[in-house]
>>> print(open('work02.cif').read())   # mmCIF, C-alpha atoms and all ligand atoms
data_protein
loop_
_atom_site.group_PDB
_atom_site.id
_atom_site.type_symbol
_atom_site.label_atom_id
_atom_site.label_comp_id
_atom_site.auth_asym_id
_atom_site.auth_seq_id
_atom_site.Cartn_x
_atom_site.Cartn_y
_atom_site.Cartn_z
ATOM 1 C CA MET B 1 -6.204 -39.753 23.333
ATOM 2 C CA LYS B 2 -2.864 -38.284 24.457
ATOM 3 C CA SER B 3 -2.261 -34.763 23.229
ATOM 4 C CA GLU B 4 -0.076 -34.247 20.176
ATOM 5 C CA THR B 5 3.070 -32.200 20.330
ATOM 6 C CA LYS B 6 2.899 -30.133 17.184
ATOM 7 C CA TYR B 7 2.618 -26.367 17.435
ATOM 8 C CA GLY B 8 0.818 -23.875 15.275
ATOM 9 C CA MET B 9 1.627 -20.176 14.995
ATOM 10 C CA ILE B 10 -1.601 -18.456 15.996
ATOM 11 C CA PHE B 11 -2.156 -14.753 16.525
ATOM 12 C CA ASN B 12 -5.659 -14.633 17.961
ATOM 13 C CA ILE B 13 -8.559 -16.755 19.129
ATOM 14 C CA GLN B 14 -11.738 -14.733 18.939
ATOM 15 C CA LYS B 15 -14.890 -15.930 20.625
ATOM 16 C CA PHE B 16 -18.500 -15.078 19.798
ATOM 17 C CA SER B 17 -17.803 -13.919 16.270
ATOM 18 C CA ILE B 18 -20.857 -13.493 14.039
ATOM 19 C CA ASN B 19 -19.094 -12.535 10.783
ATOM 20 C CA ASP B 20 -16.983 -15.589 10.073
ATOM 21 C CA GLY B 21 -19.433 -18.330 9.183
ATOM 22 C CA PRO B 22 -22.871 -19.416 10.330
ATOM 23 C CA VAL B 23 -24.203 -18.200 13.680
ATOM 24 C CA ILE B 24 -21.773 -17.876 16.612
ATOM 25 C CA ARG B 25 -18.174 -18.923 15.928
ATOM 26 C CA THR B 26 -14.868 -19.206 17.668
ATOM 27 C CA VAL B 27 -12.301 -18.001 15.148
ATOM 28 C CA VAL B 28 -8.723 -19.266 15.248
ATOM 29 C CA PHE B 29 -6.376 -16.924 13.377
ATOM 30 C CA PHE B 30 -3.347 -18.604 11.786
ATOM 31 C CA LYS B 31 -0.263 -16.507 11.161
ATOM 32 C CA GLY B 32 1.282 -16.475 7.685
ATOM 33 C CA CYS B 33 -0.275 -15.884 4.284
ATOM 34 C CA PRO B 34 1.033 -16.545 0.752
ATOM 35 C CA LEU B 35 -0.839 -13.472 -0.533
ATOM 36 C CA LYS B 36 0.193 -9.921 0.209
ATOM 37 C CA CYS B 37 -3.046 -8.002 -0.422
ATOM 38 C CA THR B 38 -2.378 -4.324 0.130
ATOM 39 C CA TRP B 39 -5.862 -3.762 1.609
ATOM 40 C CA CYS B 40 -5.612 -6.646 4.118
ATOM 41 C CA ALA B 41 -7.474 -5.812 7.338
ATOM 42 C CA ASN B 42 -5.170 -8.137 9.297
ATOM 43 C CA PRO B 43 -1.657 -7.142 8.176
ATOM 44 C CA GLU B 44 -0.226 -8.840 11.271
ATOM 45 C CA SER B 45 -1.411 -12.099 9.719
ATOM 46 C CA GLN B 46 0.802 -11.922 6.639
ATOM 47 C CA GLU B 47 4.233 -12.798 8.071
ATOM 48 C CA PRO B 48 4.534 -16.359 9.409
ATOM 49 C CA ARG B 49 6.909 -15.306 12.174
ATOM 50 C CA LEU B 50 6.154 -13.540 15.440
ATOM 51 C CA GLN B 51 6.052 -9.748 15.146
ATOM 52 C CA ILE B 52 6.266 -6.980 17.727
ATOM 53 C CA MET B 53 3.748 -4.168 17.316
ATOM 54 C CA TRP B 54 4.442 -0.675 18.632
ATOM 55 C CA ASP B 55 1.678 1.690 19.717
ATOM 56 C CA GLU B 56 2.916 5.208 19.076
ATOM 57 C CA LYS B 57 0.092 6.735 21.121
ATOM 58 C CA LYS B 58 1.159 4.922 24.296
ATOM 59 C CA CYS B 59 4.930 5.272 23.888
ATOM 60 C CA LEU B 60 6.912 7.410 26.374
ATOM 61 C CA TYR B 61 10.014 7.428 24.145
ATOM 62 C CA CYS B 62 12.153 6.219 27.048
ATOM 63 C CA ASN B 63 14.170 3.825 24.817
ATOM 64 C CA THR B 64 14.071 1.097 27.471
ATOM 65 C CA CYS B 65 13.120 -1.400 24.763
ATOM 66 C CA VAL B 66 16.056 -0.311 22.580
ATOM 67 C CA MET B 67 18.516 -0.756 25.442
ATOM 68 C CA SER B 68 17.133 -4.024 26.732
ATOM 69 C CA CYS B 69 16.852 -6.098 23.556
ATOM 70 C CA PRO B 70 19.640 -8.732 23.650
ATOM 71 C CA THR B 71 19.714 -9.128 19.866
ATOM 72 C CA LEU B 72 19.749 -5.392 19.052
ATOM 73 C CA ALA B 73 16.519 -5.878 17.103
ATOM 74 C CA VAL B 74 14.841 -2.754 18.496
ATOM 75 C CA LYS B 75 15.897 0.646 17.238
ATOM 76 C CA ASN B 76 14.699 4.203 17.601
ATOM 77 C CA VAL B 77 14.680 5.520 14.046
ATOM 78 C CA ASP B 78 13.864 9.226 13.871
ATOM 79 C CA GLY B 79 11.624 9.012 16.929
ATOM 80 C CA LYS B 80 9.843 5.842 15.861
ATOM 81 C CA ILE B 81 10.438 2.471 17.490
ATOM 82 C CA LYS B 82 11.222 -0.118 14.815
ATOM 83 C CA VAL B 83 11.775 -3.819 15.328
ATOM 84 C CA ASP B 84 13.925 -5.736 12.860
ATOM 85 C CA HIS B 85 12.001 -8.987 12.940
ATOM 86 C CA LYS B 86 14.834 -10.888 11.270
ATOM 87 C CA ARG B 87 17.018 -10.157 14.316
ATOM 88 C CA CYS B 88 14.308 -10.704 16.941
ATOM 89 C CA SER B 89 14.694 -14.098 18.587
ATOM 90 C CA GLY B 90 11.061 -13.843 19.563
ATOM 91 C CA ALA B 91 9.008 -13.586 22.703
ATOM 92 C CA GLY B 92 9.233 -16.931 24.445
ATOM 93 C CA VAL B 93 12.900 -17.200 23.448
ATOM 94 C CA CYS B 94 14.639 -14.081 24.781
ATOM 95 C CA SER B 95 12.205 -14.259 27.729
ATOM 96 C CA GLU B 96 8.701 -15.570 28.248
ATOM 97 C CA ARG B 97 6.824 -12.574 26.829
ATOM 98 C CA GLY B 98 9.795 -10.825 25.194
ATOM 99 C CA ILE B 99 12.176 -8.632 27.200
ATOM 100 C CA CYS B 100 11.188 -5.479 25.329
ATOM 101 C CA ILE B 101 7.508 -6.106 26.074
ATOM 102 C CA GLU B 102 8.098 -6.955 29.715
ATOM 103 C CA LYS B 103 10.270 -3.887 30.317
ATOM 104 C CA CYS B 104 8.154 -1.325 28.499
ATOM 105 C CA PRO B 105 6.654 0.883 31.215
ATOM 106 C CA ALA B 106 3.798 2.046 28.998
ATOM 107 C CA HIS B 107 2.561 -1.286 27.584
ATOM 108 C CA ALA B 108 3.249 0.151 24.168
ATOM 109 C CA LEU B 109 4.612 -3.094 22.704
ATOM 110 C CA LYS B 110 2.841 -6.358 22.099
ATOM 111 C CA ALA B 111 3.674 -9.601 20.367
ATOM 112 C CA GLU B 112 1.567 -10.929 17.538
ATOM 113 C CA GLY B 113 1.935 -14.679 17.132
ATOM 114 C CA GLU B 114 2.122 -17.440 19.681
ATOM 115 C CA ARG B 115 2.997 -21.094 19.385
ATOM 116 C CA LYS B 116 0.010 -23.115 20.508
ATOM 117 C CA THR B 117 -0.843 -26.797 20.650
ATOM 118 C CA VAL B 118 -4.101 -28.271 19.430
ATOM 119 C CA ASP B 119 -4.972 -29.062 23.031
ATOM 120 C CA GLU B 120 -4.472 -25.447 24.088
ATOM 121 C CA ILE B 121 -6.792 -24.256 21.332
ATOM 122 C CA MET B 122 -9.343 -26.958 22.089
ATOM 123 C CA GLN B 123 -9.446 -25.869 25.721
ATOM 124 C CA VAL B 124 -10.611 -22.423 24.589
ATOM 125 C CA VAL B 125 -12.967 -23.780 21.947
ATOM 126 C CA MET B 126 -14.658 -26.239 24.278
ATOM 127 C CA GLN B 127 -15.650 -23.473 26.697
ATOM 128 C CA ASP B 128 -18.393 -22.558 24.223
ATOM 129 C CA LEU B 129 -19.562 -26.032 23.254
ATOM 130 C CA PRO B 130 -23.100 -25.399 24.617
ATOM 131 C CA PHE B 131 -23.393 -22.316 22.364
ATOM 132 C CA TYR B 132 -22.376 -24.275 19.267
ATOM 133 C CA GLU B 133 -24.813 -27.056 20.136
ATOM 134 C CA GLU B 134 -27.694 -24.666 20.768
ATOM 135 C CA SER B 135 -27.074 -22.275 17.895
ATOM 136 C CA GLY B 136 -25.534 -24.455 15.197
ATOM 137 C CA GLY B 137 -22.320 -22.424 15.332
ATOM 138 C CA GLY B 138 -18.814 -23.793 15.446
ATOM 139 C CA VAL B 139 -15.182 -22.988 14.743
ATOM 140 C CA THR B 140 -13.655 -21.106 11.818
ATOM 141 C CA LEU B 141 -9.991 -21.286 10.843
ATOM 142 C CA SER B 142 -8.931 -17.886 9.593
ATOM 143 C CA GLY B 143 -5.746 -15.914 9.196
ATOM 144 C CA GLY B 144 -3.592 -15.533 7.467
ATOM 145 C CA GLU B 145 -3.980 -18.768 5.605
ATOM 146 C CA ALA B 146 -4.491 -21.907 7.641
ATOM 147 C CA THR B 147 -3.397 -24.185 4.780
ATOM 148 C CA MET B 148 0.123 -22.731 5.147
ATOM 149 C CA GLN B 149 0.321 -24.792 8.360
ATOM 150 C CA PRO B 150 -1.396 -27.855 6.916
ATOM 151 C CA GLU B 151 -0.421 -30.532 9.423
ATOM 152 C CA PHE B 152 -1.433 -28.380 12.365
ATOM 153 C CA ALA B 153 -4.679 -27.319 10.673
ATOM 154 C CA ILE B 154 -5.549 -30.964 9.984
ATOM 155 C CA GLU B 155 -4.793 -31.978 13.586
ATOM 156 C CA LEU B 156 -7.030 -29.193 14.861
ATOM 157 C CA LEU B 157 -9.834 -30.009 12.422
ATOM 158 C CA LYS B 158 -9.690 -33.682 13.382
ATOM 159 C CA ALA B 159 -9.975 -32.743 17.063
ATOM 160 C CA LEU B 160 -12.985 -30.520 16.282
ATOM 161 C CA LYS B 161 -14.677 -33.228 14.237
ATOM 162 C CA ALA B 162 -14.080 -35.720 17.052
ATOM 163 C CA LYS B 163 -16.256 -33.406 19.189
ATOM 164 C CA ASN B 164 -18.821 -33.075 16.398
ATOM 165 C CA ILE B 165 -18.174 -29.324 16.038
ATOM 166 C CA HIS B 166 -19.071 -27.563 12.769
ATOM 167 C CA THR B 167 -15.883 -26.482 10.954
ATOM 168 C CA ALA B 168 -15.323 -23.639 8.517
ATOM 169 C CA ILE B 169 -12.318 -21.953 6.939
ATOM 170 C CA GLU B 170 -11.744 -18.464 5.596
ATOM 171 C CA THR B 171 -9.262 -19.206 2.851
ATOM 172 C CA THR B 172 -7.396 -17.573 0.005
ATOM 173 C CA GLY B 173 -7.437 -20.991 -1.642
ATOM 174 C CA PHE B 174 -3.775 -20.595 -2.575
ATOM 175 C CA ALA B 175 -2.327 -23.994 -1.705
ATOM 176 C CA SER B 176 -1.014 -27.018 -3.561
ATOM 177 C CA PRO B 177 -3.903 -29.247 -4.662
ATOM 178 C CA ALA B 178 -2.567 -32.114 -2.527
ATOM 179 C CA ILE B 179 -2.561 -30.020 0.659
ATOM 180 C CA PHE B 180 -5.832 -28.290 -0.121
ATOM 181 C CA GLN B 181 -7.608 -31.579 -0.741
ATOM 182 C CA ARG B 182 -6.363 -33.062 2.526
ATOM 183 C CA VAL B 183 -7.448 -30.037 4.576
ATOM 184 C CA ILE B 184 -10.951 -29.705 3.137
ATOM 185 C CA GLU B 185 -11.729 -33.317 3.992
ATOM 186 C CA TYR B 186 -12.420 -32.106 7.549
ATOM 187 C CA LEU B 187 -14.320 -28.922 6.644
ATOM 188 C CA ASP B 188 -18.069 -28.350 6.524
ATOM 189 C CA LEU B 189 -17.869 -24.908 4.906
ATOM 190 C CA LEU B 190 -15.336 -22.949 2.864
ATOM 191 C CA LEU B 191 -15.539 -19.144 2.856
ATOM 192 C CA PHE B 192 -13.381 -18.771 -0.223
ATOM 193 C CA ASP B 193 -11.944 -15.410 -1.301
ATOM 194 C CA ILE B 194 -11.543 -14.431 -4.928
ATOM 195 C CA LYS B 195 -9.634 -11.172 -5.305
ATOM 196 C CA HIS B 196 -9.507 -10.649 -9.060
ATOM 197 C CA TRP B 197 -10.829 -12.503 -12.100
ATOM 198 C CA ASN B 198 -7.848 -11.468 -14.236
ATOM 199 C CA GLU B 199 -4.575 -13.297 -13.550
ATOM 200 C CA ALA B 200 -2.234 -10.353 -14.232
ATOM 201 C CA LYS B 201 -4.306 -8.010 -12.053
ATOM 202 C CA HIS B 202 -4.459 -10.675 -9.362
ATOM 203 C CA LYS B 203 -0.662 -10.926 -9.325
ATOM 204 C CA GLU B 204 -0.293 -7.144 -9.307
ATOM 205 C CA LYS B 205 -1.879 -6.654 -5.861
ATOM 206 C CA THR B 206 -1.536 -10.057 -4.184
ATOM 207 C CA ASP B 207 1.835 -11.331 -5.482
ATOM 208 C CA VAL B 208 0.365 -14.631 -6.678
ATOM 209 C CA SER B 209 -1.569 -16.085 -9.622
ATOM 210 C CA ASN B 210 -5.290 -16.803 -9.345
ATOM 211 C CA VAL B 211 -5.002 -20.008 -11.396
ATOM 212 C CA PRO B 212 -4.372 -22.455 -8.503
ATOM 213 C CA ILE B 213 -7.010 -20.629 -6.441
ATOM 214 C CA LEU B 214 -9.691 -21.108 -9.088
ATOM 215 C CA LYS B 215 -8.655 -24.743 -9.608
ATOM 216 C CA ASN B 216 -9.003 -25.416 -5.880
ATOM 217 C CA MET B 217 -12.368 -23.678 -5.768
ATOM 218 C CA LYS B 218 -13.594 -25.806 -8.670
ATOM 219 C CA TYR B 219 -12.328 -28.953 -6.970
ATOM 220 C CA ALA B 220 -14.092 -28.121 -3.692
ATOM 221 C CA ILE B 221 -17.396 -27.400 -5.433
ATOM 222 C CA GLU B 222 -17.198 -30.563 -7.541
ATOM 223 C CA ALA B 223 -16.335 -32.548 -4.403
ATOM 224 C CA GLY B 224 -19.695 -31.455 -2.990
ATOM 225 C CA LYS B 225 -18.305 -29.134 -0.319
ATOM 226 C CA GLU B 226 -20.340 -26.133 0.747
ATOM 227 C CA VAL B 227 -18.398 -23.228 -0.758
ATOM 228 C CA LEU B 228 -19.217 -19.552 -0.398
ATOM 229 C CA PRO B 229 -17.039 -17.462 -2.742
ATOM 230 C CA ARG B 230 -16.362 -14.015 -1.257
ATOM 231 C CA LEU B 231 -15.235 -11.020 -3.214
ATOM 232 C CA PRO B 232 -13.539 -8.089 -1.458
ATOM 233 C CA VAL B 233 -14.542 -5.155 -3.663
ATOM 234 C CA ILE B 234 -11.588 -2.759 -3.793
ATOM 235 C CA PRO B 235 -11.832 0.753 -5.319
ATOM 236 C CA ASP B 236 -9.937 1.212 -8.601
ATOM 237 C CA TYR B 237 -8.874 -2.422 -8.567
ATOM 238 C CA ASN B 238 -11.798 -4.789 -9.117
ATOM 239 C CA ASN B 239 -14.945 -2.671 -8.778
ATOM 240 C CA SER B 240 -15.795 -1.774 -12.394
ATOM 241 C CA LEU B 241 -18.781 -3.239 -14.188
ATOM 242 C CA ASP B 242 -16.357 -4.982 -16.573
ATOM 243 C CA ASP B 243 -14.772 -6.555 -13.503
ATOM 244 C CA ALA B 244 -18.182 -7.791 -12.393
ATOM 245 C CA ARG B 245 -18.609 -9.452 -15.807
ATOM 246 C CA GLY B 246 -15.138 -10.991 -15.484
ATOM 247 C CA PHE B 247 -15.978 -12.382 -12.038
ATOM 248 C CA VAL B 248 -19.252 -13.815 -13.374
ATOM 249 C CA GLN B 249 -17.295 -15.687 -16.030
ATOM 250 C CA ARG B 250 -14.830 -17.136 -13.510
ATOM 251 C CA LEU B 251 -17.576 -18.108 -11.056
ATOM 252 C CA LYS B 252 -19.431 -19.923 -13.824
ATOM 253 C CA GLU B 253 -16.244 -21.714 -14.880
ATOM 254 C CA VAL B 254 -15.812 -23.144 -11.368
ATOM 255 C CA GLY B 255 -19.505 -23.963 -10.944
ATOM 256 C CA ALA B 256 -20.296 -21.379 -8.217
ATOM 257 C CA LYS B 257 -23.879 -20.204 -7.943
ATOM 258 C CA ARG B 258 -23.498 -17.442 -5.374
ATOM 259 C CA VAL B 259 -21.046 -14.829 -4.133
ATOM 260 C CA GLN B 260 -20.783 -12.592 -1.106
ATOM 261 C CA LEU B 261 -19.626 -9.050 -1.864
ATOM 262 C CA LEU B 262 -17.387 -7.490 0.799
ATOM 263 C CA PRO B 263 -17.169 -3.723 0.251
ATOM 264 C CA PHE B 264 -13.750 -2.180 1.015
ATOM 265 C CA HIS B 265 -13.232 -0.606 4.445
ATOM 266 C CA GLN B 266 -10.232 0.784 6.292
ATOM 267 C CA PHE B 267 -10.517 -1.265 9.490
ATOM 268 C CA GLY B 268 -6.899 -2.435 9.491
ATOM 269 C CA GLU B 269 -5.221 0.954 9.010
ATOM 270 C CA ASN B 270 -3.907 1.433 12.560
ATOM 271 C CA LYS B 271 -2.287 -2.001 12.539
ATOM 272 C CA TYR B 272 -0.139 -1.002 9.548
ATOM 273 C CA HIS B 273 1.169 1.933 11.583
ATOM 274 C CA MET B 274 1.813 -0.319 14.578
ATOM 275 C CA LEU B 275 3.849 -2.631 12.355
ATOM 276 C CA GLY B 276 5.828 0.331 10.987
ATOM 277 C CA ARG B 277 4.331 -0.203 7.525
ATOM 278 C CA ASP B 278 2.788 2.258 5.089
ATOM 279 C CA TYR B 279 -0.935 1.923 4.420
ATOM 280 C CA ALA B 280 -1.849 2.264 0.753
ATOM 281 C CA PHE B 281 -5.498 3.259 1.269
ATOM 282 C CA THR B 282 -5.318 6.193 3.700
ATOM 283 C CA ASP B 283 -7.258 8.561 1.445
ATOM 284 C CA VAL B 284 -9.504 5.971 -0.166
ATOM 285 C CA LYS B 285 -13.156 6.121 0.814
ATOM 286 C CA ALA B 286 -14.900 3.033 2.139
ATOM 287 C CA LEU B 287 -17.501 1.408 -0.110
ATOM 288 C CA HIS B 288 -21.045 0.595 0.953
ATOM 289 C CA PRO B 289 -23.659 -1.765 -0.506
ATOM 290 C CA GLU B 290 -25.533 1.199 -2.009
ATOM 291 C CA ASP B 291 -22.382 2.081 -4.018
ATOM 292 C CA LEU B 292 -22.355 -1.386 -5.547
ATOM 293 C CA ARG B 293 -25.940 -1.931 -6.716
ATOM 294 C CA ASP B 294 -25.048 -1.942 -10.451
ATOM 295 C CA PHE B 295 -22.065 -4.153 -9.731
ATOM 296 C CA GLN B 296 -24.281 -6.566 -7.776
ATOM 297 C CA GLN B 297 -26.961 -6.538 -10.502
ATOM 298 C CA ILE B 298 -24.568 -7.952 -13.095
ATOM 299 C CA PHE B 299 -24.158 -11.111 -11.025
ATOM 300 C CA ILE B 300 -27.893 -11.421 -10.458
ATOM 301 C CA ASP B 301 -28.649 -10.880 -14.163
ATOM 302 C CA ASN B 302 -26.304 -13.760 -14.926
ATOM 303 C CA GLY B 303 -27.913 -16.205 -12.528
ATOM 304 C CA ILE B 304 -25.464 -15.797 -9.642
ATOM 305 C CA GLU B 305 -26.936 -14.932 -6.271
ATOM 306 C CA ALA B 306 -24.953 -11.919 -5.025
ATOM 307 C CA PHE B 307 -25.410 -10.500 -1.555
ATOM 308 C CA PHE B 308 -23.621 -8.472 1.134
HETATM 309 S S1 LIG B 401 11.147 -10.047 21.779
HETATM 310 FE FE1 LIG B 401 13.242 -10.130 22.666
HETATM 311 S S2 LIG B 401 14.605 -10.354 20.854
HETATM 312 FE FE2 LIG B 401 12.585 -9.684 20.094
HETATM 313 S S3 LIG B 401 12.713 -7.451 19.955
HETATM 314 FE FE3 LIG B 401 11.853 -7.925 21.981
HETATM 315 S S4 LIG B 401 13.637 -8.031 23.373
HETATM 316 FE FE4 LIG B 401 14.425 -8.141 21.285
HETATM 317 S S1 LIG B 402 10.036 0.871 26.238
HETATM 318 FE FE1 LIG B 402 7.908 1.263 25.651
HETATM 319 S S2 LIG B 402 7.559 3.400 26.193
HETATM 320 FE FE2 LIG B 402 9.791 3.105 26.177
HETATM 321 S S3 LIG B 402 10.404 3.635 24.039
HETATM 322 FE FE3 LIG B 402 10.039 1.437 24.079
HETATM 323 S S4 LIG B 402 7.899 1.242 23.388
HETATM 324 FE FE4 LIG B 402 8.171 3.358 24.034
#
>>> encode(input="work02.cif", output="structure tokens", more="lines below")
Ligand code: SF4
Ligand code: SF4
Amino acid sequence: MKSETKYGMIFNIQKFSINDGPVIRTVVFFKGCPLKCTWCANPESQEPRLQIMWDEKKCLYCNTCVMSCPTLAVKNVDGKIKVDHKRCSGAGVCSERGICIEKCPAHALKAEGERKTVDEIMQVVMQDLPFYEESGGGVTLSGGEATMQPEFAIELLKALKAKNIHTAIETTGFASPAIFQRVIEYLDLLLFDIKHWNEAKHKEKTDVSNVPILKNMKYAIEAGKEVLPRLPVIPDYNNSLDDARGFVQRLKEVGAKRVQLLPFHQFGENKYHMLGRDYAFTDVKALHPEDLRDFQQIFIDNGIEAFF
């Protein structure tokens, strides 16, 4: 089959991952997400467009990037390099890797986001075909939110299925039912986040309602898909025992019988700084399974398998 010509905006392809679905996975990270979770460990995934990240620790403050950008997108603001991404024409447009990146003598700048074809991704994925076949692993679409680039996601999933590769998605579930239903046709497993049981609280920290998310989760379960709901447990947001009871109710409404609890951590903090963004959880302690035993027990007491 001749290769297609569509492009997807991808910001990473990670091989040998063991945390993103069964066994060993290759994870393809899609750029762009409809949610804006303030605790997101991949803040570079949220904007659909290419972004330039600046590493303060490597910077020599020579201002070469400021002087070389043809669109005046790079500025030195009070000793910090800031990129106005609305002005940036993007690496691959102003030059192959981005003039600012190419000219930086300290390798302090890097681009997040690259247009890739399905064939380019498949070339990487196929390098590990023997591992998937031996171990039962496969490929996980992550992000960001892959359903924001539905046609590209479907093309990629079709190519994976044509090679008999196990497919999974890490999804927010926030997509129109029509798109969601088309994408999941080619998926073996959905790792499906649920951020808050209460709609107003969900909107408060993610910018969107949980209603379409729960509807899509219910649809996927009723369609017989393997769905693993996952709950990022965030301090002072969704970690009270009343919250656990609220989640139990929602999970029962959609027909889920299990949930994975993901205790809050600060893994993404440095990336917020590199994007010139504030991080809302600097002084918030990470959670550990032992902090959440009572929380976990409420699910178990209500017939929902809850694990870490
Ligand atoms: S990638 Fe090109 S347009 Fe964008 S900030 Fe760098 S030099 Fe400027
Ligand atoms: S070119 Fe590189 S080292 Fe020089 S100011 Fe820009 S980011 Fe810093």
>>> resolve_selection(input="work02.cif", expression="the PyMOL selection byres (((chain B and resi 171-185) around 9) and not hetatm)", output="tab-separated table (two decimals) with C-alpha atoms, keeping the file's coordinate frame")
chain	number	residue	atom	x	y	z
B	33	CYS	CA	-0.28	-15.88	4.28
B	34	PRO	CA	1.03	-16.55	0.75
B	35	LEU	CA	-0.84	-13.47	-0.53
B	141	LEU	CA	-9.99	-21.29	10.84
B	142	SER	CA	-8.93	-17.89	9.59
B	143	GLY	CA	-5.75	-15.91	9.20
B	144	GLY	CA	-3.59	-15.53	7.47
B	145	GLU	CA	-3.98	-18.77	5.60
B	146	ALA	CA	-4.49	-21.91	7.64
B	147	THR	CA	-3.40	-24.18	4.78
B	148	MET	CA	0.12	-22.73	5.15
B	150	PRO	CA	-1.40	-27.86	6.92
B	151	GLU	CA	-0.42	-30.53	9.42
B	153	ALA	CA	-4.68	-27.32	10.67
B	154	ILE	CA	-5.55	-30.96	9.98
B	157	LEU	CA	-9.83	-30.01	12.42
B	169	ILE	CA	-12.32	-21.95	6.94
B	170	GLU	CA	-11.74	-18.46	5.60
B	186	TYR	CA	-12.42	-32.11	7.55
B	187	LEU	CA	-14.32	-28.92	6.64
B	188	ASP	CA	-18.07	-28.35	6.52
B	189	LEU	CA	-17.87	-24.91	4.91
B	190	LEU	CA	-15.34	-22.95	2.86
B	191	LEU	CA	-15.54	-19.14	2.86
B	192	PHE	CA	-13.38	-18.77	-0.22
B	193	ASP	CA	-11.94	-15.41	-1.30
B	194	ILE	CA	-11.54	-14.43	-4.93
B	195	LYS	CA	-9.63	-11.17	-5.30
B	208	VAL	CA	0.36	-14.63	-6.68
B	209	SER	CA	-1.57	-16.08	-9.62
B	210	ASN	CA	-5.29	-16.80	-9.35
B	211	VAL	CA	-5.00	-20.01	-11.40
B	212	PRO	CA	-4.37	-22.46	-8.50
B	213	ILE	CA	-7.01	-20.63	-6.44
B	214	LEU	CA	-9.69	-21.11	-9.09
B	215	LYS	CA	-8.65	-24.74	-9.61
B	216	ASN	CA	-9.00	-25.42	-5.88
B	217	MET	CA	-12.37	-23.68	-5.77
B	219	TYR	CA	-12.33	-28.95	-6.97
B	220	ALA	CA	-14.09	-28.12	-3.69
B	225	LYS	CA	-18.30	-29.13	-0.32
>>> residues_around(input="work02.cif", residues="Arg115 (chain B)", least_positions_apart="2", cutoff="6 Å", atoms="only C-alpha atoms", output="list in words")
Tyr7, Gly8 and Met9 of chain B
>>> residues_near_ligand(input="work02.cif", ligand="ligand LIG 402 (chain B)", cutoff="8 Å", atoms="only C-alpha atoms and all ligand atoms", output="number ranges by chain")
B: 54-56, 58-66, 76, 81, 100-101, 103-109
>>> residues_near_ligand(input="work02.cif", ligand="ligand LIG 401 (chain B)", cutoff="6 Å", atoms="all atoms listed in the file", output="CSV table (one decimal) with C-alpha atoms, in the coordinates of the input")
chain,number,residue,atom,x,y,z
B,69,CYS,CA,16.9,-6.1,23.6
B,70,PRO,CA,19.6,-8.7,23.6
B,71,THR,CA,19.7,-9.1,19.9
B,73,ALA,CA,16.5,-5.9,17.1
B,74,VAL,CA,14.8,-2.8,18.5
B,83,VAL,CA,11.8,-3.8,15.3
B,88,CYS,CA,14.3,-10.7,16.9
B,89,SER,CA,14.7,-14.1,18.6
B,90,GLY,CA,11.1,-13.8,19.6
B,91,ALA,CA,9.0,-13.6,22.7
B,94,CYS,CA,14.6,-14.1,24.8
B,98,GLY,CA,9.8,-10.8,25.2
B,99,ILE,CA,12.2,-8.6,27.2
B,100,CYS,CA,11.2,-5.5,25.3
>>> residues_around(input="work02.cif", residues="Trp39 (chain B)", least_positions_apart="5", cutoff="9 Å", atoms="all atoms listed in the file", output="ChimeraX atom specification")
/B:205,234,264-266,268-269,279-281
